[in-house]
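Shown below: model_12.cif, with mmCIF, C-alpha atoms and all ligand atoms.
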data_coords
#
loop_
_atom_site.group_PDB
_atom_site.id
_atom_site.type_symbol
_atom_site.label_atom_id
_atom_site.label_comp_id
_atom_site.auth_asym_id
_atom_site.auth_seq_id
_atom_site.Cartn_x
_atom_site.Cartn_y
_atom_site.Cartn_z
ATOM 1 C CA MET W 1 0.000 0.000 0.000
ATOM 2 C CA LEU W 2 2.668 2.423 0.968
ATOM 3 C CA ALA W 3 4.833 1.674 -2.004
ATOM 4 C CA SER W 4 1.877 1.861 -4.350
ATOM 5 C CA GLY W 5 0.758 5.133 -2.807
ATOM 6 C CA GLY W 6 4.221 6.522 -3.226
ATOM 7 C CA CYS W 7 4.203 5.726 -6.907
ATOM 8 C CA GLU W 8 0.818 7.316 -7.427
ATOM 9 C CA TRP W 9 1.884 10.379 -5.508
ATOM 10 C CA GLY W 10 4.976 10.665 -7.637
ATOM 11 C CA GLY W 11 2.913 10.344 -10.785
ATOM 12 C CA GLU W 12 0.434 12.948 -9.676
ATOM 13 C CA SER W 13 3.214 15.288 -8.709
ATOM 14 C CA GLY W 14 4.727 15.029 -12.129
ATOM 15 C CA GLU W 15 1.443 15.849 -13.755
ATOM 16 C CA SER W 16 0.543 18.668 -11.399
ATOM 17 C CA GLY W 17 1.278 22.313 -11.894
ATOM 18 C CA GLU W 18 4.628 22.136 -10.143
ATOM 19 C CA SER W 19 6.661 21.121 -13.126
ATOM 20 C CA GLY W 20 4.667 23.388 -15.379
ATOM 21 C CA GLU W 21 5.264 26.388 -13.146
ATOM 22 C CA SER W 22 8.975 25.811 -12.988
ATOM 23 C CA GLY W 23 9.006 25.441 -16.746
ATOM 24 C CA GLU W 24 7.274 28.747 -17.177
ATOM 25 C CA SER W 25 9.696 30.548 -14.944
ATOM 26 C CA GLU W 26 12.628 29.001 -16.771
ATOM 27 C CA THR W 27 11.304 30.207 -20.085
ATOM 28 C CA GLY W 28 10.443 33.600 -18.610
ATOM 29 C CA ASP W 29 13.776 34.419 -17.013
ATOM 30 C CA PRO W 30 15.855 34.615 -20.191
ATOM 31 C CA GLU W 31 13.807 37.550 -21.417
ATOM 32 C CA ALA W 32 15.249 39.892 -18.803
ATOM 33 C CA ALA W 33 18.936 40.318 -18.168
ATOM 34 C CA SER W 34 20.902 42.144 -15.530
ATOM 35 C CA ILE W 35 24.303 43.723 -15.180
ATOM 36 C CA ALA W 36 26.078 44.203 -11.883
ATOM 37 C CA GLY W 37 29.581 45.168 -10.973
ATOM 38 C CA ILE W 38 31.726 47.915 -9.614
ATOM 39 C CA VAL W 39 33.042 51.257 -10.788
ATOM 40 C CA ARG W 40 36.512 52.567 -9.973
ATOM 41 C CA ARG W 41 38.318 55.722 -10.936
ATOM 42 C CA THR W 42 41.659 55.794 -12.687
ATOM 43 C CA VAL W 43 42.109 59.559 -12.814
ATOM 44 C CA ASP W 44 42.581 62.235 -10.175
ATOM 45 C CA ILE W 45 39.538 64.144 -8.963
ATOM 46 C CA ALA W 46 39.246 67.705 -10.219
ATOM 47 C CA PRO W 47 40.695 70.235 -7.751
ATOM 48 C CA ASP W 48 37.358 71.908 -7.093
ATOM 49 C CA ASN W 49 35.512 68.637 -6.528
ATOM 50 C CA ASP W 50 35.542 66.054 -3.767
ATOM 51 C CA GLY W 51 34.888 62.807 -5.655
ATOM 52 C CA LYS W 52 31.517 62.387 -3.997
ATOM 53 C CA GLY W 53 28.273 62.638 -5.901
ATOM 54 C CA THR W 54 25.700 60.702 -7.857
ATOM 55 C CA LEU W 55 26.975 57.891 -10.061
ATOM 56 C CA PHE W 56 25.006 57.303 -13.246
ATOM 57 C CA VAL W 57 25.427 54.112 -15.274
ATOM 58 C CA ALA W 58 23.127 53.966 -18.288
ATOM 59 C CA ALA W 59 22.546 51.015 -20.601
ATOM 60 C CA LEU W 60 21.694 52.084 -24.148
ATOM 61 C CA ASP W 61 20.920 50.203 -27.330
ATOM 62 C CA VAL W 62 23.436 52.294 -29.261
ATOM 63 C CA CYS W 63 26.167 54.497 -27.833
ATOM 64 C CA ASP W 64 24.604 57.869 -28.455
ATOM 65 C CA LEU W 65 23.680 60.069 -25.510
ATOM 66 C CA THR W 66 22.659 62.989 -27.666
ATOM 67 C CA GLY W 67 19.214 61.532 -28.310
ATOM 68 C CA GLY W 68 19.996 58.837 -30.875
ATOM 69 C CA GLY W 69 20.219 56.066 -28.306
ATOM 70 C CA THR W 70 17.449 54.541 -26.255
ATOM 71 C CA VAL W 71 18.070 54.185 -22.537
ATOM 72 C CA LEU W 72 17.207 50.578 -21.698
ATOM 73 C CA GLY W 73 18.011 50.837 -18.032
ATOM 74 C CA VAL W 74 19.952 52.990 -15.638
ATOM 75 C CA ALA W 75 21.623 52.662 -12.269
ATOM 76 C CA VAL W 76 21.597 55.790 -10.134
ATOM 77 C CA VAL W 77 23.855 55.540 -7.084
ATOM 78 C CA PRO W 78 23.427 58.546 -4.780
ATOM 79 C CA ASP W 79 26.247 59.507 -2.435
ATOM 80 C CA ALA W 80 28.784 57.514 -4.389
ATOM 81 C CA ASP W 81 32.179 58.113 -2.821
ATOM 82 C CA PHE W 82 35.151 58.059 -5.160
ATOM 83 C CA ALA W 83 37.353 60.089 -2.841
ATOM 84 C CA PRO W 84 39.594 57.147 -1.853
ATOM 85 C CA ALA W 85 41.940 56.236 -4.670
ATOM 86 C CA ASP W 86 40.905 52.582 -4.368
ATOM 87 C CA ALA W 87 37.160 53.255 -4.137
ATOM 88 C CA ALA W 88 34.960 50.602 -5.715
ATOM 89 C CA VAL W 89 31.310 51.608 -5.985
ATOM 90 C CA PRO W 90 28.826 48.795 -6.715
ATOM 91 C CA PHE W 91 25.966 49.216 -9.158
ATOM 92 C CA ALA W 92 23.296 47.059 -10.778
ATOM 93 C CA ILE W 93 20.899 47.408 -13.694
ATOM 94 C CA GLU W 94 18.001 44.990 -14.142
ATOM 95 C CA GLY W 95 15.282 44.416 -16.699
ATOM 96 C CA LEU W 96 17.583 44.606 -19.711
ATOM 97 C CA PRO W 97 17.047 42.822 -23.023
ATOM 98 C CA ARG W 98 19.193 39.830 -23.876
ATOM 99 C CA THR W 99 21.156 41.647 -26.499
ATOM 100 C CA GLU W 100 24.337 43.658 -26.545
ATOM 101 C CA VAL W 101 23.980 46.884 -24.610
ATOM 102 C CA GLN W 102 26.227 49.931 -24.398
ATOM 103 C CA LEU W 103 27.105 51.229 -20.957
ATOM 104 C CA ALA W 104 27.851 54.908 -20.426
ATOM 105 C CA LEU W 105 28.798 56.217 -17.015
ATOM 106 C CA PHE W 106 29.779 59.319 -15.156
ATOM 107 C CA LEU W 107 29.898 60.763 -11.664
ATOM 108 C CA ASP W 108 27.900 63.928 -11.158
ATOM 109 C CA ASP W 109 30.366 65.292 -8.624
ATOM 110 C CA ASN W 110 28.957 68.777 -8.223
ATOM 111 C CA GLY W 111 25.313 67.724 -8.290
ATOM 112 C CA ASP W 112 24.195 69.755 -11.268
ATOM 113 C CA ALA W 113 22.934 66.991 -13.568
ATOM 114 C CA MET W 114 19.282 67.085 -14.549
ATOM 115 C CA PRO W 115 17.600 63.890 -13.314
ATOM 116 C CA ALA W 116 15.498 63.545 -16.469
ATOM 117 C CA SER W 117 18.452 63.609 -18.849
ATOM 118 C CA PRO W 118 21.660 63.457 -16.828
ATOM 119 C CA ARG W 119 24.787 64.668 -18.570
ATOM 120 C CA PRO W 120 28.278 65.149 -17.227
ATOM 121 C CA GLY W 121 29.494 68.671 -16.644
ATOM 122 C CA LEU W 122 32.757 70.425 -15.993
ATOM 123 C CA GLY W 123 34.895 68.537 -13.503
ATOM 124 C CA ASP W 124 32.772 65.381 -13.456
ATOM 125 C CA LEU W 125 34.469 62.006 -13.730
ATOM 126 C CA VAL W 126 33.489 60.170 -16.903
ATOM 127 C CA TYR W 127 34.383 57.124 -18.930
ATOM 128 C CA THR W 128 35.530 57.957 -22.419
ATOM 129 C CA ARG W 129 38.186 56.765 -24.824
ATOM 130 C CA SER W 130 38.944 60.184 -26.268
ATOM 131 C CA GLY W 131 38.750 62.965 -23.730
ATOM 132 C CA GLY W 132 38.001 66.568 -24.441
ATOM 133 C CA ASP W 133 35.533 66.056 -27.265
ATOM 134 C CA GLY W 134 32.527 66.230 -24.980
ATOM 135 C CA VAL W 135 31.265 62.852 -26.187
ATOM 136 C CA LEU W 136 31.049 59.858 -23.902
ATOM 137 C CA ASP W 137 32.084 56.455 -25.123
ATOM 138 C CA CYS W 138 30.533 53.192 -24.055
ATOM 139 C CA VAL W 139 31.461 49.763 -22.831
ATOM 140 C CA ALA W 140 29.736 47.062 -24.862
ATOM 141 C CA VAL W 141 28.282 44.226 -22.786
ATOM 142 C CA ALA W 142 26.825 41.071 -24.356
ATOM 143 C CA LEU W 143 23.814 39.722 -22.476
ATOM 144 C CA ALA W 144 22.681 37.085 -24.964
ATOM 145 C CA ASP W 145 24.335 34.245 -23.064
ATOM 146 C CA GLY W 146 23.383 35.295 -19.548
ATOM 147 C CA ASP W 147 23.587 37.927 -16.882
ATOM 148 C CA VAL W 148 26.822 39.771 -16.195
ATOM 149 C CA ALA W 149 27.514 39.940 -12.474
ATOM 150 C CA ASP W 150 31.110 41.017 -12.096
ATOM 151 C CA ILE W 151 31.918 43.719 -14.621
ATOM 152 C CA GLU W 152 34.470 46.385 -13.714
ATOM 153 C CA LEU W 153 34.034 49.852 -15.152
ATOM 154 C CA ALA W 154 36.354 52.824 -14.884
ATOM 155 C CA LEU W 155 35.931 56.574 -14.693
ATOM 156 C CA ASN W 156 39.070 57.520 -16.550
ATOM 157 C CA VAL W 157 38.715 61.167 -17.558
ATOM 158 C CA VAL W 158 37.786 64.448 -15.889
ATOM 159 C CA GLU W 159 35.313 66.260 -18.108
ATOM 160 C CA GLU W 160 36.749 69.545 -19.348
HETATM 161 CA CA CA W 201 30.720 66.314 -4.996
#

Output the file's structure as structure tokens, nothing else.
Amino acid sequence: MLASGGCEWGGESGESGESGESGESETGDPEAASIAGIVRRTVDIAPDNDGKGTLFVAALDVCDLTGGGTVLGVAVVPDADFAPADAAVPFAIEGLPRTEVQLALFLDDNGDAMPASPRPGLGDLVYTRSGGDGVLDCVAVALADGDVADIELALNVVEE
């Protein structure tokens, strides 16, 4: 009786909603991706600033912050402290598509960025490959194969 009951129970369990629910969640998860990691600075803080402010990390479909790119997600880290030379500020962005996204980042050190369309200003720490042209560059991150949980980004230029 016990053995028979066990078999029936197992069979019922397999046919119940349990396996179906887990299947749904497995097929649902891949639609949203996330990026998490840390940001460091590799450049000195501007003399008039203190290295403390709001860190913005934006994920765009194309690397164009002048209106040509769509912001897919953004991490806003208030009171980010880059004053120590070895500071590592964590951030995370969720709800991203499983494609390649372009990350742009900067520290609004003096607190003058507009929340609706944040842009770096004079003296802010930014990531860019060619400084002085007023255009931010991006770090491409592929999310097609899974979430990225340990990316390291750098603020490498003081906006002039
Ligand atoms: Ca500041």

Residues at most 7 Å from ligand CA 201 (chain W), using all atoms listed in the file? Could they come as a CSV table (one decimal) with C-alpha atoms, keeping the file's coordinate frame?
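Resulting contents of out.csv:
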chain,number,residue,atom,x,y,z
W,49,ASN,CA,35.5,68.6,-6.5
W,50,ASP,CA,35.5,66.1,-3.8
W,51,GLY,CA,34.9,62.8,-5.7
W,52,LYS,CA,31.5,62.4,-4.0
W,53,GLY,CA,28.3,62.6,-5.9
W,109,ASP,CA,30.4,65.3,-8.6
W,110,ASN,CA,29.0,68.8,-8.2
W,111,GLY,CA,25.3,67.7,-8.3

>> Given the PyMOL selection byres (((chain W and resi 128) around 12) and not hetatm) and the file above, list the residues it selects as a PyMOL selection string.
In response: chain W and resi 42-43+63+103-106+120+124-127+129-139+153-159

>> Can you translate the PyMOL selection byres (((chain W and resi 150) around 6) and not hetatm) into the concrete residues it hits in this file, as a ChimeraX atom specification?
In response: /W:36-37,149,151

> For the atom pair CA of Leu60 in chain W and CA of Gly73 in chain W, what is the interatomic distance in Å to one decimal place?
Replying inline: 7.2 Å

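Among the candidates W:Pro90, W:Pro118, W:Gly95, W:Gly69, the one nearest to Phe56 in chain W when counting all atoms listed in the file is W:Pro118.
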
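Minimum atom-to-atom distances from W:Glu160, W:Asp108, W:Asp145, W:Asp44 to Val77 in chain W were compared using only C-alpha atoms, and the lowest value belongs to W:Asp108.
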
> Val62 in chain W: which residues within 10 Å, counting only C-alpha atoms, same-chain residues fewer than 2 positions away excluded, as a list in words?
Replying inline: Ala59, Leu60, Asp64, Leu65, Gly68, Gly69, Thr70, Val71, Leu72, Glu100, Val101, Gln102, Leu103, Cys138 and Ala140 of chain W

>> Using only C-alpha atoms, which protein or nucleic acid residues come within 7 Å of Ala75 in chain W? Drop anything in the same chain fewer than 2 positions from it, and give the result as a ChimeraX atom specification.
In response: /W:56-58,77,91-93

Can you spit out the residues from that selection as a PDB file, in the coordinates of the input, using C-alpha atoms?
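Writing the result to out-v4.pdb gives the following:
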ATOM      1  CA  PHE W  56      25.006  57.303 -13.246  1.00  0.00           C
ATOM      2  CA  VAL W  57      25.427  54.112 -15.274  1.00  0.00           C
ATOM      3  CA  ALA W  58      23.127  53.966 -18.288  1.00  0.00           C
ATOM      4  CA  VAL W  77      23.855  55.540  -7.084  1.00  0.00           C
ATOM      5  CA  PHE W  91      25.966  49.216  -9.158  1.00  0.00           C
ATOM      6  CA  ALA W  92      23.296  47.059 -10.778  1.00  0.00           C
ATOM      7  CA  ILE W  93      20.899  47.408 -13.694  1.00  0.00           C
TER       8      ILE W  93
END

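Using the PyMOL selection byres (((chain W and resi 79) around 6) and not hetatm) on this structure selects Gly53, Thr54, Pro78 and Ala80 of chain W.
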
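Taking CA of Arg98 in chain W and CA of Val76 in chain W as endpoints, the distance between them is 21.2 Å.
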